[in-house]
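Have a look at data15.pdb; it's PDB, C-alpha atoms, pLDDT in the B column:
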MODEL        1
ATOM      1  CA  MET A   1      -9.247  -1.632  -9.007  1.00 67.00           C
ATOM      2  CA  ARG A   2     -11.643  -4.588  -8.975  1.00 83.00           C
ATOM      3  CA  ARG A   3     -11.668  -6.981  -6.052  1.00 82.00           C
ATOM      4  CA  SER A   4     -11.214 -10.679  -6.630  1.00 86.00           C
ATOM      5  CA  LYS A   5     -13.817 -13.179  -5.443  1.00 89.00           C
ATOM      6  CA  LEU A   6     -11.501 -14.164  -2.610  1.00 89.00           C
ATOM      7  CA  GLU A   7     -11.210 -10.540  -1.485  1.00 89.00           C
ATOM      8  CA  MET A   8     -14.991 -10.181  -1.524  1.00 92.00           C
ATOM      9  CA  TYR A   9     -15.437 -13.378   0.496  1.00 94.00           C
ATOM     10  CA  ILE A  10     -12.902 -12.071   3.008  1.00 93.00           C
ATOM     11  CA  ASP A  11     -14.693  -8.698   3.115  1.00 93.00           C
ATOM     12  CA  VAL A  12     -17.968 -10.429   4.020  1.00 95.00           C
ATOM     13  CA  LEU A  13     -16.243 -12.515   6.707  1.00 96.00           C
ATOM     14  CA  THR A  14     -14.529  -9.400   8.082  1.00 95.00           C
ATOM     15  CA  VAL A  15     -17.811  -7.481   8.281  1.00 95.00           C
ATOM     16  CA  LEU A  16     -19.503 -10.337  10.137  1.00 96.00           C
ATOM     17  CA  SER A  17     -16.514 -10.783  12.418  1.00 95.00           C
ATOM     18  CA  GLN A  18     -16.372  -7.095  13.361  1.00 94.00           C
ATOM     19  CA  ARG A  19     -20.094  -6.273  13.453  1.00 92.00           C
ATOM     20  CA  GLY A  20     -21.626  -9.524  14.648  1.00 87.00           C
ATOM     21  CA  PRO A  21     -24.700 -11.190  13.129  1.00 93.00           C
ATOM     22  CA  LEU A  22     -26.282  -8.942  10.481  1.00 94.00           C
ATOM     23  CA  LYS A  23     -29.187  -8.799   8.066  1.00 94.00           C
ATOM     24  CA  LEU A  24     -28.539  -9.074   4.346  1.00 94.00           C
ATOM     25  CA  THR A  25     -28.893  -5.340   3.703  1.00 94.00           C
ATOM     26  CA  HIS A  26     -26.399  -4.412   6.406  1.00 95.00           C
ATOM     27  CA  ILE A  27     -23.827  -6.843   5.030  1.00 95.00           C
ATOM     28  CA  MET A  28     -24.495  -5.457   1.558  1.00 95.00           C
ATOM     29  CA  TYR A  29     -23.740  -1.870   2.595  1.00 94.00           C
ATOM     30  CA  LYS A  30     -20.745  -2.683   4.812  1.00 94.00           C
ATOM     31  CA  SER A  31     -19.062  -4.937   2.219  1.00 92.00           C
ATOM     32  CA  ASN A  32     -19.967  -2.739  -0.768  1.00 91.00           C
ATOM     33  CA  LEU A  33     -21.667  -5.502  -2.788  1.00 92.00           C
ATOM     34  CA  ASN A  34     -24.961  -5.525  -4.640  1.00 92.00           C
ATOM     35  CA  CYS A  35     -27.752  -7.767  -3.402  1.00 92.00           C
ATOM     36  CA  SER A  36     -27.719 -10.435  -6.121  1.00 93.00           C
ATOM     37  CA  VAL A  37     -23.929 -10.874  -5.974  1.00 93.00           C
ATOM     38  CA  LEU A  38     -23.966 -10.970  -2.175  1.00 94.00           C
ATOM     39  CA  LYS A  39     -26.648 -13.676  -2.104  1.00 94.00           C
ATOM     40  CA  GLY A  40     -24.418 -15.919  -4.227  1.00 94.00           C
ATOM     41  CA  TYR A  41     -21.418 -15.268  -2.001  1.00 95.00           C
ATOM     42  CA  LEU A  42     -23.442 -15.951   1.149  1.00 95.00           C
ATOM     43  CA  GLU A  43     -24.663 -19.230  -0.331  1.00 96.00           C
ATOM     44  CA  PHE A  44     -21.064 -20.260  -1.073  1.00 96.00           C
ATOM     45  CA  LEU A  45     -19.864 -19.264   2.411  1.00 96.00           C
ATOM     46  CA  ILE A  46     -22.728 -21.204   4.017  1.00 96.00           C
ATOM     47  CA  LYS A  47     -21.863 -24.336   1.996  1.00 97.00           C
ATOM     48  CA  GLN A  48     -18.251 -23.975   3.149  1.00 96.00           C
ATOM     49  CA  GLU A  49     -19.516 -23.656   6.760  1.00 96.00           C
ATOM     50  CA  LEU A  50     -17.785 -20.283   7.148  1.00 96.00           C
ATOM     51  CA  ILE A  51     -21.027 -18.484   7.992  1.00 96.00           C
ATOM     52  CA  GLU A  52     -24.429 -19.614   9.172  1.00 96.00           C
ATOM     53  CA  GLU A  53     -27.948 -18.430   8.553  1.00 95.00           C
ATOM     54  CA  ARG A  54     -30.065 -17.818  11.636  1.00 93.00           C
ATOM     55  CA  ILE A  55     -33.794 -17.184  11.803  1.00 92.00           C
ATOM     56  CA  ILE A  56     -34.897 -14.666  14.406  1.00 90.00           C
ATOM     57  CA  GLY A  57     -38.574 -14.570  15.290  1.00 86.00           C
ATOM     58  CA  LYS A  58     -40.859 -15.866  12.566  1.00 86.00           C
ATOM     59  CA  SER A  59     -39.066 -14.795   9.402  1.00 86.00           C
ATOM     60  CA  ARG A  60     -36.129 -12.438  10.048  1.00 91.00           C
ATOM     61  CA  ILE A  61     -32.913 -13.936   8.656  1.00 93.00           C
ATOM     62  CA  ILE A  62     -29.483 -12.876   9.875  1.00 95.00           C
ATOM     63  CA  TYR A  63     -26.024 -14.169   9.019  1.00 96.00           C
ATOM     64  CA  ALA A  64     -23.215 -14.899  11.481  1.00 96.00           C
ATOM     65  CA  ILE A  65     -19.617 -16.006  11.100  1.00 96.00           C
ATOM     66  CA  THR A  66     -18.839 -19.500  12.411  1.00 96.00           C
ATOM     67  CA  GLN A  67     -15.769 -20.578  14.356  1.00 97.00           C
ATOM     68  CA  ARG A  68     -14.430 -22.121  11.153  1.00 97.00           C
ATOM     69  CA  GLY A  69     -14.996 -18.765   9.400  1.00 96.00           C
ATOM     70  CA  LYS A  70     -13.029 -16.972  12.128  1.00 96.00           C
ATOM     71  CA  THR A  71     -10.185 -19.468  11.716  1.00 96.00           C
ATOM     72  CA  VAL A  72     -10.097 -18.964   7.928  1.00 95.00           C
ATOM     73  CA  LEU A  73     -10.218 -15.183   8.321  1.00 95.00           C
ATOM     74  CA  LYS A  74      -7.359 -15.273  10.839  1.00 95.00           C
ATOM     75  CA  ALA A  75      -5.259 -17.497   8.551  1.00 93.00           C
ATOM     76  CA  PHE A  76      -5.883 -15.231   5.570  1.00 91.00           C
ATOM     77  CA  THR A  77      -4.936 -12.143   7.608  1.00 88.00           C
ATOM     78  CA  GLU A  78      -1.703 -13.793   8.756  1.00 88.00           C
ATOM     79  CA  LEU A  79      -0.864 -14.866   5.206  1.00 86.00           C
ATOM     80  CA  LYS A  80      -1.521 -11.377   3.885  1.00 82.00           C
ATOM     81  CA  GLN A  81       0.839  -9.921   6.508  1.00 82.00           C
ATOM     82  CA  ALA A  82       3.531 -12.513   5.776  1.00 83.00           C
ATOM     83  CA  LEU A  83       3.317 -12.058   1.989  1.00 78.00           C
ATOM     84  CA  PRO A  84       2.435  -8.459   1.168  1.00 72.00           C
ATOM     85  CA  ILE A  85       0.447  -8.332  -2.053  1.00 63.00           C
ATOM     86  CA  ILE A  86       1.918  -6.066  -4.698  1.00 59.00           C
ATOM     87  CA  GLU A  87      -0.681  -3.980  -6.462  1.00 54.00           C
ATOM     88  CA  GLU A  88      -1.584  -5.386  -9.859  1.00 51.00           C
ATOM     89  CA  TYR A  89      -0.723  -2.180 -11.692  1.00 50.00           C
ATOM     90  CA  GLU A  90       2.833  -2.286 -10.366  1.00 54.00           C
ATOM     91  CA  THR A  91       3.486  -5.710 -11.855  1.00 53.00           C
ATOM     92  CA  THR A  92       1.957  -4.898 -15.229  1.00 57.00           C
ATOM     93  CA  LYS A  93       3.531  -1.483 -15.813  1.00 57.00           C
ATOM     94  CA  PRO A  94       5.654  -1.404 -18.940  1.00 60.00           C
ATOM     95  CA  ILE A  95       9.361  -0.952 -18.347  1.00 58.00           C
ATOM     96  CA  LEU A  96      10.672   2.225 -19.984  1.00 62.00           C
ATOM     97  CA  TYR A  97      14.273   2.293 -21.117  1.00 57.00           C
TER      98      TYR A  97
ENDMDL
END

Give the structure from the file, written as structure tokens.
Amino acid sequence: MRRSKLEMYIDVLTVLSQRGPLKLTHIMYKSNLNCSVLKGYLEFLIKQELIEERIIGKSRIIYAITQRGKTVLKAFTELKQALPIIEEYETTKPILY
């Protein structure tokens, strides 16, 4: 089943929360996203101030979750626990009589 954009954003935040600051390729592998898609998602998350881009040394770029990102991730996790999401296929199955 395909993940929604929201689920992919949350996956990226989760990876950064659990693994700490990471390079692009490490985020890509851990969140199971291709490079071009991930770059767009990282750009969005940076604009929302949920992650930040850090430069290490002269040119090495890593990404880290911000405090705001941790707060959003925590709220999403709590919401998901409070309102269990029913799998899409269960709601679209035809009813047989």

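Residue neighbourhood of Leu50 in chain A, excluding near-sequence residues (fewer than 6 positions): Leu13, Phe44, Ala64, Ile65, Thr66, Gln67, Arg68, Gly69, Lys70, Thr71 and Val72 of chain A, at 9 Å, using all atoms listed in the file.
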
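For the pair CA of Arg60 in chain A and CA of Lys23 in chain A, the interatomic distance is 8.1 Å.
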
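Closest approach to Ile62 in chain A among A:Leu22, A:Tyr9, A:Lys39, A:Thr14 is made by A:Leu22 (distances from all atoms listed in the file).
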
Could you check which of A:Leu83, A:Leu33, A:Leu24, A:Leu45 is closest to Tyr63 in chain A, using only C-alpha atoms?
A:Leu24

Ile10 in chain A environment, 10 Å, all atoms listed in the file, sequence neighbours closer than 2 positions dropped, as JSON, numbers by chain:
{"A": [4, 5, 6, 7, 8, 12, 13, 14, 15, 16, 31, 69, 72, 73, 76, 77]}

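With CA of Arg19 in chain A on one side and CA of Ile51 in chain A on the other, the separation reads 13.4 Å.
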
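For the pair CA of Leu79 in chain A and CA of Cys35 in chain A, the interatomic distance is 29.1 Å.
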
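Nearest to Ile27 in chain A of all the residues A:Ser59, A:Glu52, A:Leu42, A:Arg2 is A:Leu42, counting all atoms listed in the file.
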